[in-house]
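Have a look at target_28.pdb below; it lists PDB, C-alpha atoms, pLDDT in the B column.
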```
ATOM      1  CA  MET A   1       0.000   0.000   0.000  1.00 93.00           C
ATOM      2  CA  ARG A   2       1.227   3.475  -0.829  1.00 94.00           C
ATOM      3  CA  ALA A   3       0.056   6.754   0.601  1.00 94.00           C
ATOM      4  CA  VAL A   4       0.718  10.368  -0.252  1.00 93.00           C
ATOM      5  CA  VAL A   5      -0.101  12.436   2.826  1.00 94.00           C
ATOM      6  CA  GLN A   6      -0.707  16.143   2.355  1.00 95.00           C
ATOM      7  CA  ARG A   7      -1.228  18.617   5.182  1.00 94.00           C
ATOM      8  CA  VAL A   8      -3.915  21.052   4.023  1.00 95.00           C
ATOM      9  CA  LEU A   9      -5.979  23.992   5.224  1.00 94.00           C
ATOM     10  CA  SER A  10      -8.927  22.506   3.328  1.00 95.00           C
ATOM     11  CA  ALA A  11      -9.648  19.901   0.666  1.00 96.00           C
ATOM     12  CA  SER A  12     -12.623  18.554  -1.248  1.00 97.00           C
ATOM     13  CA  VAL A  13     -13.605  15.867  -3.732  1.00 98.00           C
ATOM     14  CA  GLU A  14     -15.974  16.608  -6.577  1.00 98.00           C
ATOM     15  CA  VAL A  15     -17.722  14.014  -8.757  1.00 97.00           C
ATOM     16  CA  GLU A  16     -19.832  15.017 -11.758  1.00 96.00           C
ATOM     17  CA  GLY A  17     -19.865  18.654 -10.665  1.00 96.00           C
ATOM     18  CA  ARG A  18     -20.990  17.888  -7.093  1.00 98.00           C
ATOM     19  CA  VAL A  19     -18.861  18.081  -3.951  1.00 98.00           C
ATOM     20  CA  VAL A  20     -19.123  14.662  -2.299  1.00 98.00           C
ATOM     21  CA  SER A  21     -16.684  15.252   0.582  1.00 98.00           C
ATOM     22  CA  ALA A  22     -14.892  18.219   2.089  1.00 98.00           C
ATOM     23  CA  ILE A  23     -12.674  18.892   5.085  1.00 98.00           C
ATOM     24  CA  GLY A  24     -11.197  21.890   6.817  1.00 97.00           C
ATOM     25  CA  PRO A  25      -7.677  21.766   8.240  1.00 96.00           C
ATOM     26  CA  GLY A  26      -6.176  18.299   8.282  1.00 96.00           C
ATOM     27  CA  LEU A  27      -4.787  15.633   5.991  1.00 97.00           C
ATOM     28  CA  LEU A  28      -5.601  14.731   2.406  1.00 96.00           C
ATOM     29  CA  ILE A  29      -4.408  11.173   1.790  1.00 96.00           C
ATOM     30  CA  LEU A  30      -4.117   9.568  -1.630  1.00 96.00           C
ATOM     31  CA  VAL A  31      -4.094   5.789  -1.169  1.00 96.00           C
ATOM     32  CA  GLY A  32      -2.903   3.204  -3.674  1.00 95.00           C
ATOM     33  CA  VAL A  33      -3.633  -0.452  -2.989  1.00 96.00           C
ATOM     34  CA  HIS A  34      -1.228  -3.171  -4.190  1.00 95.00           C
ATOM     35  CA  GLU A  35      -2.556  -6.536  -5.361  1.00 95.00           C
ATOM     36  CA  ALA A  36      -0.801  -8.272  -2.435  1.00 94.00           C
ATOM     37  CA  ASP A  37      -1.927  -5.892   0.339  1.00 95.00           C
ATOM     38  CA  THR A  38      -3.461  -7.378   3.475  1.00 95.00           C
ATOM     39  CA  ASP A  39      -5.301  -6.141   6.550  1.00 96.00           C
ATOM     40  CA  SER A  40      -1.970  -5.768   8.367  1.00 94.00           C
ATOM     41  CA  ASP A  41      -0.829  -3.325   5.652  1.00 94.00           C
ATOM     42  CA  ALA A  42      -4.022  -1.326   6.159  1.00 96.00           C
ATOM     43  CA  ASP A  43      -3.426  -1.340   9.931  1.00 96.00           C
ATOM     44  CA  TYR A  44       0.089  -0.015   9.372  1.00 94.00           C
ATOM     45  CA  ILE A  45      -1.006   2.818   7.060  1.00 95.00           C
ATOM     46  CA  CYS A  46      -3.844   3.806   9.401  1.00 97.00           C
ATOM     47  CA  ARG A  47      -1.623   3.835  12.486  1.00 96.00           C
ATOM     48  CA  LYS A  48       1.197   5.721  10.739  1.00 95.00           C
ATOM     49  CA  VAL A  49      -0.997   8.377   9.149  1.00 96.00           C
ATOM     50  CA  LEU A  50      -3.074   9.116  12.235  1.00 98.00           C
ATOM     51  CA  ASN A  51       0.028   9.408  14.418  1.00 97.00           C
ATOM     52  CA  MET A  52       2.320  11.348  12.061  1.00 95.00           C
ATOM     53  CA  ARG A  53       3.390  14.515  13.844  1.00 96.00           C
ATOM     54  CA  LEU A  54       2.905  16.961  10.997  1.00 95.00           C
ATOM     55  CA  PHE A  55       1.381  19.893  12.851  1.00 95.00           C
ATOM     56  CA  PRO A  56       2.888  22.548  15.092  1.00 95.00           C
ATOM     57  CA  ASN A  57       2.011  22.722  18.758  1.00 96.00           C
ATOM     58  CA  GLU A  58       0.415  26.132  19.176  1.00 93.00           C
ATOM     59  CA  LYS A  59       0.958  26.120  22.944  1.00 96.00           C
ATOM     60  CA  THR A  60       4.699  25.431  22.870  1.00 96.00           C
ATOM     61  CA  GLY A  61       5.517  26.744  19.400  1.00 96.00           C
ATOM     62  CA  LYS A  62       7.268  23.471  18.633  1.00 97.00           C
ATOM     63  CA  ALA A  63       7.082  22.483  14.958  1.00 93.00           C
ATOM     64  CA  TRP A  64       6.281  18.919  13.846  1.00 94.00           C
ATOM     65  CA  ASP A  65       4.859  18.088  17.255  1.00 97.00           C
ATOM     66  CA  GLN A  66       1.218  17.041  16.953  1.00 98.00           C
ATOM     67  CA  SER A  67      -0.843  14.563  14.969  1.00 98.00           C
ATOM     68  CA  VAL A  68      -4.106  15.182  13.151  1.00 98.00           C
ATOM     69  CA  MET A  69      -5.906  13.545  16.091  1.00 98.00           C
ATOM     70  CA  GLN A  70      -4.188  15.721  18.705  1.00 98.00           C
ATOM     71  CA  ARG A  71      -5.294  18.807  16.796  1.00 97.00           C
ATOM     72  CA  SER A  72      -8.834  17.428  16.223  1.00 98.00           C
ATOM     73  CA  PHE A  73      -8.442  18.059  12.497  1.00 98.00           C
ATOM     74  CA  GLU A  74     -10.058  16.097   9.675  1.00 98.00           C
ATOM     75  CA  VAL A  75      -8.916  13.396   7.255  1.00 98.00           C
ATOM     76  CA  LEU A  76      -9.939  12.986   3.611  1.00 98.00           C
ATOM     77  CA  LEU A  77      -9.036   9.639   2.002  1.00 98.00           C
ATOM     78  CA  VAL A  78      -8.993   9.314  -1.782  1.00 98.00           C
ATOM     79  CA  SER A  79      -8.417   6.019  -3.618  1.00 97.00           C
ATOM     80  CA  GLN A  80      -5.662   6.437  -6.206  1.00 95.00           C
ATOM     81  CA  PHE A  81      -4.723   3.301  -8.138  1.00 94.00           C
ATOM     82  CA  THR A  82      -2.270   5.328 -10.233  1.00 93.00           C
ATOM     83  CA  LEU A  83       0.146   5.346  -7.286  1.00 93.00           C
ATOM     84  CA  TYR A  84       1.032   1.846  -8.493  1.00 93.00           C
ATOM     85  CA  GLY A  85       1.539   2.881 -12.097  1.00 90.00           C
ATOM     86  CA  ILE A  86       4.779   2.010 -13.845  1.00 89.00           C
ATOM     87  CA  LEU A  87       5.908   3.006 -17.320  1.00 91.00           C
ATOM     88  CA  LYS A  88       6.246   0.358 -19.981  1.00 91.00           C
ATOM     89  CA  GLY A  89       7.909   2.387 -22.676  1.00 93.00           C
ATOM     90  CA  ASN A  90       5.828   5.561 -22.667  1.00 94.00           C
ATOM     91  CA  LYS A  91       2.563   3.967 -21.567  1.00 94.00           C
ATOM     92  CA  PRO A  92       1.450   3.619 -17.943  1.00 93.00           C
ATOM     93  CA  ASP A  93       0.752   0.121 -16.659  1.00 94.00           C
ATOM     94  CA  PHE A  94      -1.208  -0.548 -13.476  1.00 95.00           C
ATOM     95  CA  HIS A  95      -1.005  -4.346 -13.304  1.00 93.00           C
ATOM     96  CA  VAL A  96       0.342  -4.398  -9.724  1.00 94.00           C
ATOM     97  CA  ALA A  97      -2.564  -2.330  -8.399  1.00 95.00           C
ATOM     98  CA  MET A  98      -5.273  -4.424  -6.756  1.00 96.00           C
ATOM     99  CA  PRO A  99      -8.061  -5.167  -9.287  1.00 96.00           C
ATOM    100  CA  PRO A 100     -11.152  -2.971  -8.754  1.00 96.00           C
ATOM    101  CA  ALA A 101     -13.495  -5.804  -7.697  1.00 97.00           C
ATOM    102  CA  LYS A 102     -11.156  -6.716  -4.836  1.00 97.00           C
ATOM    103  CA  ALA A 103      -9.874  -3.179  -4.169  1.00 97.00           C
ATOM    104  CA  LYS A 104     -13.299  -1.605  -3.595  1.00 98.00           C
ATOM    105  CA  PRO A 105     -14.184  -3.620  -0.449  1.00 98.00           C
ATOM    106  CA  PHE A 106     -10.562  -3.485   0.731  1.00 98.00           C
ATOM    107  CA  TYR A 107     -10.514   0.315   0.420  1.00 98.00           C
ATOM    108  CA  ALA A 108     -13.925   0.557   2.155  1.00 98.00           C
ATOM    109  CA  SER A 109     -12.513  -1.452   5.073  1.00 98.00           C
ATOM    110  CA  LEU A 110      -9.521   0.937   5.207  1.00 98.00           C
ATOM    111  CA  VAL A 111     -11.863   3.928   5.469  1.00 98.00           C
ATOM    112  CA  GLU A 112     -13.783   2.160   8.261  1.00 98.00           C
ATOM    113  CA  LYS A 113     -10.502   1.394  10.024  1.00 98.00           C
ATOM    114  CA  PHE A 114      -9.597   5.106   9.985  1.00 98.00           C
ATOM    115  CA  GLN A 115     -13.068   6.018  11.255  1.00 98.00           C
ATOM    116  CA  ARG A 116     -12.904   3.485  14.107  1.00 98.00           C
ATOM    117  CA  SER A 117      -9.355   4.503  15.040  1.00 98.00           C
ATOM    118  CA  TYR A 118     -10.129   8.227  15.082  1.00 98.00           C
ATOM    119  CA  SER A 119     -13.666   9.531  14.575  1.00 97.00           C
ATOM    120  CA  ALA A 120     -16.307   8.624  12.012  1.00 97.00           C
ATOM    121  CA  ASP A 121     -17.270  12.298  11.678  1.00 97.00           C
ATOM    122  CA  SER A 122     -13.668  13.412  11.120  1.00 98.00           C
ATOM    123  CA  VAL A 123     -12.758  10.879   8.411  1.00 98.00           C
ATOM    124  CA  LYS A 124     -14.240  11.323   4.941  1.00 98.00           C
ATOM    125  CA  ASP A 125     -13.583   9.838   1.524  1.00 97.00           C
ATOM    126  CA  GLY A 126     -14.347  10.186  -2.155  1.00 95.00           C
ATOM    127  CA  ILE A 127     -16.245   7.708  -4.326  1.00 96.00           C
ATOM    128  CA  PHE A 128     -14.240   4.631  -5.243  1.00 96.00           C
ATOM    129  CA  GLY A 129     -13.727   4.253  -8.984  1.00 94.00           C
ATOM    130  CA  ALA A 130     -15.285   7.613  -9.871  1.00 96.00           C
ATOM    131  CA  MET A 131     -13.544  10.326 -11.867  1.00 96.00           C
ATOM    132  CA  MET A 132     -12.814  12.670  -8.981  1.00 97.00           C
ATOM    133  CA  LYS A 133     -11.607  16.246  -8.976  1.00 97.00           C
ATOM    134  CA  VAL A 134      -9.561  16.725  -5.839  1.00 96.00           C
ATOM    135  CA  ARG A 135      -9.130  20.300  -4.701  1.00 95.00           C
ATOM    136  CA  LEU A 136      -6.902  21.460  -1.916  1.00 92.00           C
ATOM    137  CA  ASN A 137      -6.080  24.767  -0.327  1.00 89.00           C
ATOM    138  CA  GLU A 138      -2.631  25.600   0.970  1.00 77.00           C
ATOM    139  CA  LYS A 139      -0.872  22.302   0.610  1.00 66.00           C
ATOM    140  CA  TYR A 140       2.245  23.004   2.589  1.00 70.00           C
ATOM    141  CA  VAL A 141       3.572  19.577   3.502  1.00 79.00           C
ATOM    142  CA  ASP A 142       3.759  16.357   1.439  1.00 81.00           C
ATOM    143  CA  PHE A 143       4.917  12.931   2.551  1.00 79.00           C
ATOM    144  CA  GLY A 144       4.883   9.776   0.491  1.00 81.00           C
ATOM    145  CA  PHE A 145       5.432   6.360   2.019  1.00 73.00           C
ATOM    146  CA  ALA A 146       4.643   2.709   1.580  1.00 79.00           C
ATOM    147  CA  CYS A 147       3.973  -0.208   3.871  1.00 70.00           C
ATOM    148  CA  HIS A 148       6.922  -2.157   5.179  1.00 49.00           C
ATOM    149  CA  MET A 149       5.635  -5.052   3.066  1.00 46.00           C
ATOM    150  CA  PHE A 150       6.337  -3.097  -0.129  1.00 43.00           C
ATOM    151  CA  PHE A 151       9.986  -2.681   0.751  1.00 39.00           C
ATOM    152  CA  SER A 152      10.463  -6.386   1.456  1.00 35.00           C
ATOM    153  CA  GLU A 153       9.115  -7.544  -1.912  1.00 37.00           C
TER     154      GLU A 153
END
```
Take the structure in this file and express it as structure tokens.
Amino acid sequence: MRAVVQRVLSASVEVEGRVVSAIGPGLLILVGVHEADTDSDADYICRKVLNMRLFPNEKTGKAWDQSVMQRSFEVLLVSQFTLYGILKGNKPDFHVAMPPAKAKPFYASLVEKFQRSYSADSVKDGIFGAMMKVRLNEKYVDFGFACHMFFSE
């Protein structure tokens, strides 16, 4: 599993001209699911993302000190199979991404895992498989990482 984590002031997902999800300050997370991903990979991504200290502590002035949960900010998850794209010549190939029929319930369980681990009201997502327009305001931090399983393959 791969994730691109972006600290934002706000973000939204639009499908067919309609906003389907929106958050204020927090994290926009693009998630790519590998064909070999398991529940333990989802646990790892959830735990890492929710505990990443990407926000300043306003009381102490210390940078990189608090997580999205400590700040009571929001999370917007967006499925992004293209994170597993590779180039074959000049054409993208997504054969290592989990097939949609298997990825849809797996991604839904990841969203539920985030909601259970944090707050159902604070965790939102787009529409799996839809053509989504993702908008963000003031993206000022980006992190990309993958599960430990990816590195051992």
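Here the question is which of A:Ser21, A:Gln6, A:Ser12, A:Ser117 gets nearest to Leu54 (chain A) using only C-alpha atoms, and that residue is A:Gln6.
Residues matching the PyMOL selection byres ((chain A and resi 20) around 10) in this structure come to Ser12, Val13, Glu14, Val15, Glu16, Gly17, Arg18, Val19, Ser21, Ala22, Lys124, Asp125, Gly126, Ile127 and Met132 of chain A.
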task = Any chance you could resolve the PyMOL selection byres ((chain A and resi 114) around 12) against this file and give the residues as a VMD selection string?
result = chain A and resid 29 42 to 51 68 to 69 74 to 77 107 to 113 115 to 125
| query | Near region 104-106 of chain A, within 12 Å and counting only C-alpha atoms, which residues show up once chain neighbours fewer than 3 positions away are dropped, as a ChimeraX atom specification? | reply | /A:1,31-43,78-81,97-101,109-113,126-130
task = Figure out the distance between CA of Gln66 (chain A) and CA of Tyr84 (chain A), please, to one decimal in Å.
result =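 These two atoms are separated by 29.6 Å.
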How big is the axis-aligned box, and where does its centre sit, when it encloses all atoms of region 20-24 of chain A listed in the file and has 8 Å added on every side, reported in Å to one decimal as AutoDock Vina command-line options?
```
--center_x -15.2 --center_y 18.3 --center_z 2.3 --size_x 23.9 --size_y 23.2 --size_z 25.1
```
If you count only C-alpha atoms, the residue of A:Ala146, A:Arg7, A:Leu83, A:Gly61 closest to Leu30 (chain A) turns out to be A:Leu83
CA of Ala11 (chain A) to CA of Phe143 (chain A) measures 16.3 Å
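Using only C-alpha atoms for every distance, the candidate list A:Ser67, A:Ser10, A:Leu87, A:Val4 yields A:Ser10 as the residue closest to Asn137 (chain A).
Here CA of Gly85 (chain A) is placed at a distance of 18.8 Å from CA of Val134 (chain A).
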Where does the PyMOL selection byres ((chain A and resi 64) around 6) land in this file, that is, which residues does it pick, as a PyMOL selection string? chain A and resi 53-56+63+65
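Of the residues under consideration (A:Ile86, A:Ala3, A:Val8, A:Met131), A:Val8 shows the shortest atom-to-atom contact distance to Pro25 (chain A) when counting only C-alpha atoms.
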